[in-house]
>>> print(open('input.cif').read())   # mmCIF, C-alpha atoms
data_model
loop_
_atom_site.label_atom_id
_atom_site.label_comp_id
_atom_site.auth_asym_id
_atom_site.auth_seq_id
_atom_site.Cartn_x
_atom_site.Cartn_y
_atom_site.Cartn_z
CA MET Z 831 174.50 92.08 114.96
CA SER Z 832 175.01 92.53 111.21
CA VAL Z 833 174.45 95.89 109.55
CA GLU Z 834 172.27 96.06 106.45
CA LYS Z 835 173.51 98.34 103.68
CA VAL Z 836 171.26 100.07 101.12
CA GLU Z 837 171.82 102.75 98.52
CA THR Z 838 168.78 104.87 99.40
CA LEU Z 839 166.61 104.54 102.48
CA ILE Z 840 163.09 106.01 102.27
CA VAL Z 841 161.47 106.59 105.66
CA GLY Z 842 157.68 106.47 105.37
CA GLY Z 843 155.27 104.26 103.42
CA GLY Z 844 152.58 106.80 102.58
CA GLN Z 845 151.98 108.72 99.37
CA ALA Z 846 155.38 110.45 99.47
CA GLY Z 847 157.36 107.30 100.15
CA LEU Z 848 155.58 105.36 97.39
CA ALA Z 849 156.00 108.18 94.87
CA MET Z 850 159.71 108.35 95.72
CA SER Z 851 160.04 104.58 95.33
CA GLU Z 852 158.47 104.68 91.88
CA GLN Z 853 160.76 107.45 90.66
CA LEU Z 854 163.88 105.67 91.91
CA SER Z 855 162.75 102.40 90.32
CA LYS Z 856 162.21 104.14 86.98
CA ARG Z 857 165.88 105.13 87.09
CA GLY Z 858 167.08 101.70 88.15
CA LEU Z 859 168.23 102.97 91.54
CA SER Z 860 168.13 100.47 94.39
CA HIS Z 861 166.35 101.49 97.57
CA LEU Z 862 164.36 100.35 100.58
CA VAL Z 863 161.17 101.83 102.06
CA VAL Z 864 160.66 101.37 105.79
CA GLU Z 865 157.26 102.06 107.37
CA ARG Z 866 156.79 101.99 111.13
CA HIS Z 867 153.30 100.46 110.84
CA ARG Z 868 151.49 99.69 107.56
CA ILE Z 869 151.22 101.33 104.15
CA ALA Z 870 148.98 104.43 104.41
CA GLU Z 871 148.81 104.04 108.19
CA ARG Z 872 147.47 107.53 108.84
CA TRP Z 873 144.54 106.84 106.54
CA ARG Z 874 143.92 103.60 108.43
CA SER Z 875 144.14 104.67 112.06
CA GLU Z 876 144.21 108.48 112.23
CA ARG Z 877 141.15 109.42 110.20
CA TRP Z 878 137.46 109.23 111.05
CA ASP Z 879 135.13 106.57 109.64
CA GLY Z 880 133.11 108.89 107.41
CA LEU Z 881 136.05 110.71 105.84
CA HIS Z 882 136.09 111.13 102.07
CA ALA Z 883 138.95 112.49 100.00
CA ASN Z 884 138.69 116.25 99.64
CA GLY Z 885 139.32 116.09 95.90
CA PRO Z 886 137.55 114.05 93.20
CA ALA Z 887 139.01 110.69 92.21
CA TRP Z 888 140.30 111.98 88.87
CA HIS Z 889 142.44 114.43 90.83
CA ASP Z 890 143.38 112.99 94.25
CA ARG Z 891 145.48 110.08 93.02
CA LEU Z 892 149.00 109.17 92.05
CA PRO Z 893 149.97 109.35 88.35
CA ALA Z 894 148.55 106.95 85.74
CA PHE Z 895 146.73 104.83 88.33
CA PRO Z 896 142.99 105.46 88.80
CA ILE Z 897 141.17 104.63 92.04
CA ALA Z 898 139.32 101.36 91.52
CA GLY Z 899 135.58 101.37 92.07
CA VAL Z 900 135.25 105.16 92.36
CA ASP Z 901 133.65 107.37 89.72
CA PRO Z 902 136.24 109.87 88.48
CA ASP Z 903 134.04 112.73 89.70
CA GLY Z 904 133.30 110.97 93.00
CA PHE Z 905 135.14 111.17 96.31
CA ALA Z 906 136.92 108.08 97.63
CA THR Z 907 136.23 106.89 101.16
CA ARG Z 908 138.93 106.37 103.74
CA ASN Z 909 138.95 102.60 103.17
CA GLN Z 910 139.07 103.02 99.40
CA MET Z 911 142.11 105.24 99.77
CA VAL Z 912 143.86 102.64 101.93
CA GLU Z 913 143.13 99.96 99.33
CA TYR Z 914 144.36 102.32 96.62
CA PHE Z 915 147.76 102.92 98.22
CA VAL Z 916 148.25 99.20 98.90
CA ALA Z 917 147.38 98.40 95.27
CA TYR Z 918 149.72 101.14 94.07
CA ALA Z 919 152.61 99.73 96.12
CA GLU Z 920 151.97 96.33 94.57
CA ARG Z 921 151.75 97.78 91.06
CA ILE Z 922 155.15 99.46 91.28
CA THR Z 923 156.60 96.55 93.32
CA ALA Z 924 157.78 98.99 95.97
CA PRO Z 925 160.30 97.36 98.35
CA VAL Z 926 158.33 98.27 101.47
CA ARG Z 927 159.26 96.78 104.82
CA SER Z 928 156.39 97.36 107.24
CA GLY Z 929 156.61 97.38 111.02
CA VAL Z 930 160.07 98.97 111.03
CA ALA Z 931 160.44 102.24 112.94
CA VAL Z 932 163.51 104.44 112.56
CA THR Z 933 164.44 105.57 116.06
CA ALA Z 934 167.57 107.57 115.20
CA LEU Z 935 169.48 108.61 112.11
CA HIS Z 936 173.09 109.85 112.31
CA LYS Z 937 175.72 110.75 109.75
CA LYS Z 938 178.38 108.08 109.52
CA ALA Z 939 181.71 109.00 111.07
CA ASP Z 940 183.50 108.61 107.72
CA ALA Z 941 180.94 110.95 106.03
CA THR Z 942 180.01 108.30 103.46
CA GLY Z 943 176.33 108.29 104.31
CA PHE Z 944 174.03 107.62 107.23
CA ARG Z 945 173.44 105.09 109.96
CA ALA Z 946 169.81 104.41 110.87
CA GLU Z 947 168.94 102.69 114.10
CA THR Z 948 165.62 100.92 113.63
CA SER Z 949 163.35 98.58 115.55
CA ALA Z 950 164.66 95.79 113.31
CA GLY Z 951 168.37 96.58 113.50
CA THR Z 952 170.88 98.95 111.93
CA ILE Z 953 170.70 100.11 108.32
CA GLU Z 954 173.42 102.11 106.59
CA ALA Z 955 172.49 104.18 103.56
CA THR Z 956 174.23 106.51 101.14
CA ASN Z 957 171.04 108.57 100.77
CA VAL Z 958 168.04 109.05 103.05
CA VAL Z 959 164.64 110.51 102.08
CA ALA Z 960 162.46 111.60 105.00
CA ALA Z 961 158.99 111.00 103.55
CA THR Z 962 156.94 111.03 106.74
CA GLY Z 963 154.54 113.73 105.55
CA PRO Z 964 153.27 116.96 107.10
CA PHE Z 965 150.85 115.42 109.62
CA GLN Z 966 153.21 114.04 112.22
CA ARG Z 967 152.35 115.20 115.74
CA ALA Z 968 148.82 116.17 116.70
CA MET Z 969 148.58 119.58 118.33
CA ILE Z 970 146.16 120.06 121.23
CA PRO Z 971 146.43 123.44 122.94
CA ALA Z 972 146.90 123.20 126.71
CA VAL Z 973 143.73 125.16 127.39
CA VAL Z 974 141.13 122.98 129.12
CA PRO Z 975 142.60 120.97 132.02
CA ALA Z 976 141.81 117.29 132.46
CA GLN Z 977 140.13 118.01 135.80
CA ALA Z 978 137.40 119.86 133.91
CA GLY Z 979 135.89 116.42 133.39
CA ILE Z 980 135.41 116.77 129.63
CA VAL Z 981 136.49 114.16 127.09
CA GLN Z 982 139.09 115.75 124.81
CA MET Z 983 140.66 114.37 121.66
CA HIS Z 984 142.42 115.53 118.53
CA SER Z 985 140.64 115.11 115.22
CA ASN Z 986 143.05 112.26 114.39
CA ALA Z 987 141.51 110.25 117.25
CA TYR Z 988 137.87 111.01 116.39
CA ARG Z 989 136.05 108.14 114.64
CA ASN Z 990 132.28 108.73 114.72
CA PRO Z 991 129.53 110.41 116.81
CA GLY Z 992 128.86 107.24 118.79
CA GLN Z 993 132.41 107.33 120.14
CA LEU Z 994 131.66 110.48 122.15
CA PRO Z 995 129.64 110.63 125.37
CA GLU Z 996 126.07 111.90 125.15
CA GLY Z 997 125.77 115.66 125.24
CA ALA Z 998 126.94 118.64 123.25
CA VAL Z 999 130.30 118.77 121.47
CA LEU Z 1000 132.70 121.68 120.99
CA VAL Z 1001 134.74 121.42 117.80
CA VAL Z 1002 137.72 123.76 117.61
CA GLY Z 1003 139.04 124.44 114.11
CA ALA Z 1004 137.47 125.49 110.81
CA GLY Z 1005 139.60 123.62 108.28
CA SER Z 1006 138.39 120.60 106.35
CA SER Z 1007 138.57 118.29 109.37
CA GLY Z 1008 136.85 120.59 111.85
CA ALA Z 1009 134.10 121.64 109.44
CA GLN Z 1010 133.38 118.08 108.31
CA ILE Z 1011 133.36 116.66 111.84
CA ALA Z 1012 131.02 119.43 113.03
CA ASP Z 1013 128.78 118.72 110.03
CA GLU Z 1014 128.75 114.98 110.75
CA LEU Z 1015 127.95 115.50 114.42
CA SER Z 1016 125.14 117.92 113.57
CA ARG Z 1017 123.62 115.47 111.07
CA ALA Z 1018 123.74 112.83 113.82
CA GLY Z 1019 121.55 115.05 115.98
CA ARG Z 1020 124.22 116.31 118.33
CA ARG Z 1021 124.29 119.86 119.67
CA VAL Z 1022 127.47 121.34 118.17
CA TYR Z 1023 129.55 124.42 118.96
CA LEU Z 1024 132.16 125.25 116.31
CA SER Z 1025 135.09 127.61 116.86
CA VAL Z 1026 135.94 129.24 113.52
CA GLY Z 1027 139.31 130.84 112.86
CA ARG Z 1028 140.82 132.31 109.69
CA HIS Z 1029 140.37 130.09 106.67
CA GLU Z 1030 140.00 129.87 102.92
CA ARG Z 1031 136.67 128.60 101.62
CA PRO Z 1032 136.69 127.52 97.97
CA PRO Z 1033 133.56 126.49 96.06
CA ARG Z 1034 133.20 122.74 95.67
CA HIS Z 1035 131.98 123.24 92.11
CA TYR Z 1036 131.65 126.32 89.93
CA ARG Z 1037 130.45 126.56 86.34
CA GLY Z 1038 130.52 122.79 86.01
CA ARG Z 1039 134.06 122.26 87.26
CA ASP Z 1040 135.48 121.16 90.62
CA PHE Z 1041 137.59 123.69 92.49
CA CYS Z 1042 140.61 121.38 92.06
CA TRP Z 1043 140.27 121.87 88.30
CA TRP Z 1044 140.07 125.63 88.73
CA LEU Z 1045 143.20 125.73 90.89
CA GLY Z 1046 144.97 123.79 88.16
CA VAL Z 1047 144.04 125.91 85.15
CA LEU Z 1048 144.59 129.11 87.15
CA GLY Z 1049 148.11 127.96 88.04
CA LEU Z 1050 147.43 128.11 91.77
CA TRP Z 1051 148.59 124.56 92.50
CA ASP Z 1052 151.97 125.63 91.15
CA ALA Z 1053 152.22 128.72 93.35
CA PRO Z 1054 155.88 128.67 94.44
CA ARG Z 1055 157.04 128.12 97.98
CA ASP Z 1056 157.15 131.30 100.05
CA PRO Z 1057 158.91 130.89 103.42
CA SER Z 1058 156.68 133.61 104.87
CA VAL Z 1059 153.50 131.64 104.08
CA LYS Z 1060 152.36 129.30 106.80
CA HIS Z 1061 149.94 126.40 106.39
CA VAL Z 1062 146.68 127.57 104.81
CA THR Z 1063 143.50 126.32 106.45
CA ILE Z 1064 141.05 125.29 103.72
CA ALA Z 1065 137.40 124.48 104.41
CA VAL Z 1066 136.21 122.02 101.74
CA SER Z 1067 134.42 118.69 101.83
CA GLY Z 1068 134.18 115.53 99.76
CA ALA Z 1069 131.55 114.02 102.08
CA TYR Z 1070 127.90 113.53 101.11
CA GLY Z 1071 128.76 113.67 97.43
CA GLY Z 1072 131.01 116.71 97.85
CA HIS Z 1073 129.77 120.18 98.71
CA THR Z 1074 130.85 123.72 99.42
CA ILE Z 1075 131.22 124.35 103.13
CA ASP Z 1076 129.12 127.30 104.23
CA PHE Z 1077 129.37 128.05 107.94
CA ARG Z 1078 126.20 130.15 107.84
CA ARG Z 1079 124.26 127.14 106.57
CA LEU Z 1080 125.67 125.09 109.41
CA ALA Z 1081 124.42 127.79 111.79
CA ALA Z 1082 120.97 127.65 110.17
CA ARG Z 1083 120.94 123.92 110.98
CA GLY Z 1084 121.63 124.65 114.64
CA VAL Z 1085 125.43 124.69 114.87
CA MET Z 1086 126.55 127.49 117.21
CA LEU Z 1087 129.42 129.36 115.59
CA LEU Z 1088 132.09 130.93 117.79
CA GLY Z 1089 135.22 132.96 117.20
CA ARG Z 1090 138.75 131.74 117.73
CA ALA Z 1091 139.11 129.79 120.98
CA GLY Z 1092 141.05 131.48 123.75
CA ALA Z 1093 141.63 130.95 127.45
CA PHE Z 1094 139.69 128.74 129.86
CA GLY Z 1095 138.94 129.49 133.49
CA ASP Z 1096 136.21 128.99 136.08
CA GLY Z 1097 134.48 126.53 133.78
CA GLU Z 1098 134.27 129.06 130.94
CA MET Z 1099 135.91 129.04 127.53
CA ARG Z 1100 136.56 132.49 126.08
CA PHE Z 1101 136.39 133.29 122.39
CA SER Z 1102 137.78 136.17 120.36
CA PRO Z 1103 135.32 138.69 118.87
CA ASP Z 1104 136.58 137.80 115.40
CA LEU Z 1105 133.89 135.46 114.08
CA ALA Z 1106 132.44 137.96 111.60
CA SER Z 1107 135.86 138.93 110.26
CA ASN Z 1108 136.92 135.29 109.95
CA LEU Z 1109 133.80 134.48 107.94
CA ALA Z 1110 134.38 137.58 105.81
CA HIS Z 1111 137.94 136.41 105.10
CA GLY Z 1112 136.57 133.05 103.95
CA ASP Z 1113 133.98 134.81 101.78
CA ALA Z 1114 136.68 136.96 100.20
CA SER Z 1115 138.73 133.90 99.22
CA TYR Z 1116 135.59 132.24 97.86
CA LEU Z 1117 134.54 135.22 95.75
CA SER Z 1118 138.08 135.86 94.51
CA LEU Z 1119 138.21 132.35 93.06
CA LEU Z 1120 134.88 132.92 91.31
CA ASP Z 1121 136.27 136.18 89.89
CA ALA Z 1122 139.42 134.46 88.65
CA ALA Z 1123 137.37 131.62 87.14
CA ASP Z 1124 135.06 134.03 85.31
CA ALA Z 1125 138.04 135.94 83.94
CA TYR Z 1126 139.63 132.69 82.76
CA VAL Z 1127 136.43 131.59 80.99
CA ALA Z 1128 136.17 134.93 79.20
CA ARG Z 1129 139.85 134.97 78.29
CA GLU Z 1130 139.87 131.42 76.93
CA GLY Z 1131 136.44 131.62 75.30
CA LEU Z 1132 135.18 128.52 77.13
CA ASP Z 1133 131.58 127.36 76.88
CA LEU Z 1134 130.92 126.90 80.59
CA PRO Z 1135 127.49 127.86 81.97
CA GLU Z 1136 127.27 131.00 84.06
CA GLU Z 1137 126.35 130.48 87.70
CA PRO Z 1138 125.26 133.77 89.26
CA VAL Z 1139 123.55 132.03 92.19
CA ALA Z 1140 127.01 130.97 93.41
CA ARG Z 1141 127.63 134.56 94.48
CA THR Z 1142 124.65 134.59 96.83
CA LEU Z 1143 125.80 134.66 100.46
CA GLU Z 1144 123.56 133.45 103.25
CA PRO Z 1145 122.30 136.06 105.75
CA GLU Z 1146 124.24 136.49 108.97
CA PRO Z 1147 122.84 134.27 111.73
CA PRO Z 1148 122.36 135.64 115.27
CA CYS Z 1149 125.54 133.91 116.49
CA VAL Z 1150 127.48 136.17 114.10
CA THR Z 1151 125.66 139.46 114.70
CA ASP Z 1152 125.65 138.88 118.47
CA PRO Z 1153 128.69 136.66 119.04
CA MET Z 1154 129.13 134.57 122.16
CA LEU Z 1155 132.44 135.49 123.78
CA ARG Z 1156 132.13 133.31 126.89
CA LEU Z 1157 130.78 129.81 127.12
CA ASN Z 1158 130.27 127.85 130.34
CA LEU Z 1159 130.93 124.31 129.15
CA HIS Z 1160 128.95 122.65 131.92
CA ASP Z 1161 125.91 124.87 131.48
CA ALA Z 1162 125.99 124.28 127.72
CA GLY Z 1163 126.00 120.52 128.30
CA ILE Z 1164 129.33 120.08 126.53
CA THR Z 1165 130.78 116.68 127.35
CA ALA Z 1166 133.46 116.46 124.64
CA ILE Z 1167 135.88 118.67 122.74
CA VAL Z 1168 137.34 117.70 119.36
CA TRP Z 1169 140.48 119.71 118.65
CA ALA Z 1170 140.85 120.05 114.86
CA THR Z 1171 143.90 122.20 115.44
CA GLY Z 1172 146.40 120.74 113.04
CA PHE Z 1173 149.77 119.06 113.33
CA ALA Z 1174 153.41 119.86 114.00
CA LEU Z 1175 156.48 118.29 112.44
CA ASP Z 1176 158.32 115.70 114.51
CA PHE Z 1177 161.83 114.92 113.32
CA GLY Z 1178 163.27 114.01 116.70
CA TRP Z 1179 164.70 110.85 115.17
CA LEU Z 1180 166.79 112.84 112.66
CA LYS Z 1181 170.05 113.57 114.51
CA VAL Z 1182 171.46 115.64 111.65
CA ASP Z 1183 172.14 119.36 111.37
CA ALA Z 1184 169.45 120.14 108.81
CA PHE Z 1185 167.04 122.34 110.78
CA ASP Z 1186 166.65 126.00 111.60
CA GLU Z 1187 166.28 127.52 115.07
CA ARG Z 1188 162.55 126.70 115.05
CA GLY Z 1189 163.17 123.06 114.22
CA ALA Z 1190 161.93 123.36 110.63
CA PRO Z 1191 163.82 121.52 107.87
CA VAL Z 1192 166.18 123.70 105.82
CA HIS Z 1193 166.12 122.70 102.16
CA ARG Z 1194 165.71 123.80 98.56
CA ARG Z 1195 162.95 121.79 96.90
CA GLY Z 1196 163.64 119.00 99.38
CA VAL Z 1197 167.42 118.98 98.92
CA THR Z 1198 169.34 119.81 102.11
CA ASP Z 1199 172.88 121.05 102.64
CA VAL Z 1200 173.68 117.64 104.15
CA PRO Z 1201 174.83 115.55 101.17
CA GLY Z 1202 172.44 112.67 100.60
CA LEU Z 1203 169.64 113.88 102.90
CA TYR Z 1204 166.26 114.82 101.43
CA PHE Z 1205 162.75 115.76 102.54
CA LEU Z 1206 159.59 114.91 100.62
CA GLY Z 1207 155.85 115.44 101.10
CA LEU Z 1208 156.00 118.51 103.32
CA SER Z 1209 153.61 121.43 102.95
CA TRP Z 1210 154.95 123.93 100.41
CA LEU Z 1211 158.10 121.85 99.83
CA SER Z 1212 158.40 123.52 96.43
CA ARG Z 1213 154.86 124.65 95.60
CA ARG Z 1214 151.31 124.60 96.89
CA ALA Z 1215 150.64 121.07 95.60
CA SER Z 1216 153.70 119.51 97.26
CA SER Z 1217 151.90 117.82 100.17
CA PHE Z 1218 148.93 116.60 98.15
CA ILE Z 1219 148.54 113.11 96.67
CA PHE Z 1220 148.57 114.30 93.07
CA GLY Z 1221 151.35 116.83 93.65
CA VAL Z 1222 154.06 114.76 95.30
CA GLU Z 1223 155.25 113.15 92.04
CA GLN Z 1224 156.87 116.35 90.75
CA ASP Z 1225 159.00 116.75 93.88
CA ALA Z 1226 159.81 113.02 93.94
CA THR Z 1227 161.02 113.29 90.34
CA HIS Z 1228 163.29 116.18 91.23
CA LEU Z 1229 164.81 114.29 94.17
CA ALA Z 1230 165.26 111.11 92.15
CA GLU Z 1231 167.18 113.05 89.52
CA HIS Z 1232 169.37 114.56 92.23
CA ILE Z 1233 170.06 111.14 93.73
CA ALA Z 1234 170.83 109.73 90.29
CA ALA Z 1235 173.31 112.54 89.66
CA ARG Z 1236 175.03 111.75 92.97
CA ALA Z 1237 175.31 108.09 91.99
#
>>> encode(input="input.cif", output="structure tokens")
Amino acid sequence: MSVEKVETLIVGGGQAGLAMSEQLSKRGLSHLVVERHRIAERWRSERWDGLHANGPAWHDRLPAFPIAGVDPDGFATRNQMVEYFVAYAERITAPVRSGVAVTALHKKADATGFRAETSAGTIEATNVVAATGPFQRAMIPAVVPAQAGIVQMHSNAYRNPGQLPEGAVLVVGAGSSGAQIADELSRAGRRVYLSVGRHERPPRHYRGRDFCWWLGVLGLWDAPRDPSVKHVTIAVSGAYGGHTIDFRRLAARGVMLLGRAGAFGDGEMRFSPDLASNLAHGDASYLSLLDAADAYVAREGLDLPEEPVARTLEPEPPCVTDPMLRLNLHDAGITAIVWATGFALDFGWLKVDAFDERGAPVHRRGVTDVPGLYFLGLSWLSRRASSFIFGVEQDATHLAEHIAARA
């Protein structure tokens, strides 16, 4: 079988892969993008039906290409985001080859590049950019055994309330996915239990500006990478026109809040007595952003209306003042658990010495010590914005310049 040769191979046809393709094309550098399924596949098949982008359309997009049919201050739906990425790929004439999975990547024996074994044959490349994103392998804690007779799924498999059996639902996780899914289930009339861990809780809007705007002017999107900082769980929503997530308001609507999920035994799930402190941590992050915004307005002399009501916190519901530490799932009528517990990296296909003892990529702004190997689109690759749609361009530009210098 013949071996295809390319200058740069980009693995992944999502936002990172497309941004990388555009930057290489701008520099006249030949390349090929391979995508195991379709462009923006995770948006297509690993997101729920009612998902909206967490940032407004003026913000959550790739450079110089607005989202068609969406008001700049609106929040694009899942399907609109899929259409957007497909249109973007067409606009930049990205050389995407869909339905091609890379099963293994090795360094060539003569050290002149890499050899990729794919579902469509062998590809040799001088450079390789792993642009598969931060959401690779769904993490479901091995807590509740299958014999408990409860339907369990990760948030990436959840689609809508009608997908779940009748009965109550336990949602584990207080980030954007967990909070939004719990909200959707509650609005659909389901009895919902929500396990809330540590999180940040920004205001959706404050003083007439979206929180994405505030993070920008305050320089927080450009916060540099700190190896000691793990993934930050952020509770924010673009659904229902976009709103600030307030767990106490969810409780007032009937959602039973619980602390961090723990062990399971004898039909009971145990929860840590940390619900109040977790909510307080979210409140502190919320109020600190308001403080920083107010200081910025005063410093810059901006004419933005004051919003004192934003500092009003809802009263503590009974589930916070008298937390439930044990929950018998059968007695509570829980028939399903949605685990909104995040993702792990999965680079099992990369047979190259570019990882630390924990299996995390070792790099500097996406550039590894293996000549010609790069990572793009990971959380905190170089700064806070690195894994976001609007933020990947800066890292892609840096890598493209590095690849051009090698050429």
>>> residues_around(input="input.cif", residues="Z:Ala939", least_positions_apart="5", cutoff="12 Å", atoms="all atoms listed in the file", output="VMD selection string")
chain Z and resid 944 to 945 954
>>> write_last_selection(input="input.cif", atoms="C-alpha atoms", output="compact mmCIF listing (two decimals), in the coordinates of the input")
# COMPACT_ATOMS: atom_id res chain seq x y z
CA PHE Z 944 174.03 107.62 107.23
CA ARG Z 945 173.44 105.09 109.96
CA GLU Z 954 173.42 102.11 106.59
>>> residues_around(input="input.cif", residues="Z:Arg1236", least_positions_apart="6", cutoff="10 Å", atoms="only C-alpha atoms", output="VMD selection string")
chain Z and resid 956 to 957 1201 to 1202 1230
>>> write_last_selection(input="input.cif", atoms="C-alpha atoms", output="mmCIF file, in the frame of the given file")
data_model
loop_
_atom_site.group_PDB
_atom_site.id
_atom_site.type_symbol
_atom_site.label_atom_id
_atom_site.label_comp_id
_atom_site.auth_asym_id
_atom_site.auth_seq_id
_atom_site.Cartn_x
_atom_site.Cartn_y
_atom_site.Cartn_z
ATOM 1 C CA THR Z 956 174.230 106.510 101.140
ATOM 2 C CA ASN Z 957 171.040 108.570 100.770
ATOM 3 C CA PRO Z 1201 174.830 115.550 101.170
ATOM 4 C CA GLY Z 1202 172.440 112.670 100.600
ATOM 5 C CA ALA Z 1230 165.260 111.110 92.150
#
>>> atom_distance(input="input.cif", atom1="atom CA of Z:Asp903", atom2="atom CA of Z:Gly1046")
15.6 Å
>>> residues_near_point(input="input.cif", point="(136.8, 133.3, 92.1)", cutoff="12 Å", atoms="all atoms listed in the file", output="JSON, numbers by chain")
{"Z": [1030, 1031, 1032, 1033, 1034, 1035, 1036, 1037, 1041, 1044, 1045, 1048, 1050, 1112, 1113, 1114, 1115, 1116, 1117, 1118, 1119, 1120, 1121, 1122, 1123, 1124, 1125, 1126, 1127, 1137, 1138, 1140, 1141]}
>>> resolve_selection(input="input.cif", expression="the PyMOL selection byres ((chain Z and resi 905-911) around 7)", output="list in words")
Trp873, Leu881, His882, Ala883, Gly885, Pro886, Ala887, Val900, Asp903, Gly904, Val912, Glu913, Tyr914, Phe915, Gly1068 and Gly1071 of chain Z
>>> atom_distance(input="input.cif", atom1="atom CA of Z:Arg967", atom2="atom CA of Z:Pro995")
25.1 Å
>>> build_atoms(input="input.cif", residues="stretch 1177-1183 of chain Z", atoms="all heavy atoms", output="PDB file, in the frame of the given file")
ATOM      1  N   PHE Z1177     160.633 115.554 113.867  1.00  0.00           N
ATOM      2  CA  PHE Z1177     161.830 114.920 113.320  1.00  0.00           C
ATOM      3  C   PHE Z1177     162.863 114.644 114.410  1.00  0.00           C
ATOM      4  O   PHE Z1177     164.062 114.742 114.177  1.00  0.00           O
ATOM      5  CB  PHE Z1177     162.445 115.792 112.222  1.00  0.00           C
ATOM      6  CG  PHE Z1177     161.653 115.812 110.937  1.00  0.00           C
ATOM      7  CD1 PHE Z1177     161.019 116.964 110.506  1.00  0.00           C
ATOM      8  CD2 PHE Z1177     161.538 114.665 110.162  1.00  0.00           C
ATOM      9  CE1 PHE Z1177     160.296 116.995 109.321  1.00  0.00           C
ATOM     10  CE2 PHE Z1177     160.814 114.667 108.972  1.00  0.00           C
ATOM     11  CZ  PHE Z1177     160.187 115.846 108.553  1.00  0.00           C
ATOM     12  N   GLY Z1178     162.371 114.293 115.592  1.00  0.00           N
ATOM     13  CA  GLY Z1178     163.270 114.010 116.700  1.00  0.00           C
ATOM     14  C   GLY Z1178     164.228 112.865 116.425  1.00  0.00           C
ATOM     15  O   GLY Z1178     165.312 112.782 117.023  1.00  0.00           O
ATOM     16  N   TRP Z1179     163.852 112.002 115.506  1.00  0.00           N
ATOM     17  CA  TRP Z1179     164.700 110.850 115.170  1.00  0.00           C
ATOM     18  C   TRP Z1179     165.863 111.231 114.244  1.00  0.00           C
ATOM     19  O   TRP Z1179     166.821 110.469 114.103  1.00  0.00           O
ATOM     20  CB  TRP Z1179     163.860 109.756 114.501  1.00  0.00           C
ATOM     21  CG  TRP Z1179     163.094 110.233 113.297  1.00  0.00           C
ATOM     22  CD1 TRP Z1179     161.872 110.846 113.281  1.00  0.00           C
ATOM     23  CD2 TRP Z1179     163.503 110.151 111.929  1.00  0.00           C
ATOM     24  NE1 TRP Z1179     161.504 111.152 111.990  1.00  0.00           N
ATOM     25  CE2 TRP Z1179     162.477 110.736 111.148  1.00  0.00           C
ATOM     26  CE3 TRP Z1179     164.641 109.647 111.284  1.00  0.00           C
ATOM     27  CZ2 TRP Z1179     162.547 110.824 109.753  1.00  0.00           C
ATOM     28  CZ3 TRP Z1179     164.716 109.732 109.900  1.00  0.00           C
ATOM     29  CH2 TRP Z1179     163.679 110.318 109.152  1.00  0.00           C
ATOM     30  N   LEU Z1180     165.763 112.415 113.617  1.00  0.00           N
ATOM     31  CA  LEU Z1180     166.790 112.840 112.660  1.00  0.00           C
ATOM     32  C   LEU Z1180     167.882 113.621 113.397  1.00  0.00           C
ATOM     33  O   LEU Z1180     167.741 114.813 113.651  1.00  0.00           O
ATOM     34  CB  LEU Z1180     166.160 113.725 111.586  1.00  0.00           C
ATOM     35  CG  LEU Z1180     166.030 113.126 110.185  1.00  0.00           C
ATOM     36  CD1 LEU Z1180     165.277 114.055 109.262  1.00  0.00           C
ATOM     37  CD2 LEU Z1180     167.397 112.825 109.610  1.00  0.00           C
ATOM     38  N   LYS Z1181     168.965 112.954 113.747  1.00  0.00           N
ATOM     39  CA  LYS Z1181     170.050 113.570 114.510  1.00  0.00           C
ATOM     40  C   LYS Z1181     171.096 114.176 113.569  1.00  0.00           C
ATOM     41  O   LYS Z1181     172.291 113.875 113.629  1.00  0.00           O
ATOM     42  CB  LYS Z1181     170.707 112.520 115.414  1.00  0.00           C
ATOM     43  CG  LYS Z1181     169.728 111.658 116.199  1.00  0.00           C
ATOM     44  CD  LYS Z1181     168.880 112.484 117.166  1.00  0.00           C
ATOM     45  CE  LYS Z1181     167.970 111.576 117.993  1.00  0.00           C
ATOM     46  NZ  LYS Z1181     167.101 112.342 118.919  1.00  0.00           N
ATOM     47  N   VAL Z1182     170.616 115.046 112.685  1.00  0.00           N
ATOM     48  CA  VAL Z1182     171.460 115.640 111.650  1.00  0.00           C
ATOM     49  C   VAL Z1182     171.212 117.141 111.635  1.00  0.00           C
ATOM     50  O   VAL Z1182     170.083 117.589 111.858  1.00  0.00           O
ATOM     51  CB  VAL Z1182     171.142 115.025 110.267  1.00  0.00           C
ATOM     52  CG1 VAL Z1182     172.029 115.630 109.192  1.00  0.00           C
ATOM     53  CG2 VAL Z1182     171.320 113.510 110.292  1.00  0.00           C
ATOM     54  N   ASP Z1183     172.260 117.908 111.369  1.00  0.00           N
ATOM     55  CA  ASP Z1183     172.140 119.360 111.370  1.00  0.00           C
ATOM     56  C   ASP Z1183     171.504 119.832 110.065  1.00  0.00           C
ATOM     57  O   ASP Z1183     172.174 120.279 109.134  1.00  0.00           O
ATOM     58  CB  ASP Z1183     173.522 119.991 111.555  1.00  0.00           C
ATOM     59  CG  ASP Z1183     173.447 121.511 111.680  1.00  0.00           C
ATOM     60  OD1 ASP Z1183     172.345 122.028 111.922  1.00  0.00           O
ATOM     61  OD2 ASP Z1183     174.493 122.168 111.528  1.00  0.00           O
TER      62      ASP Z1183
END
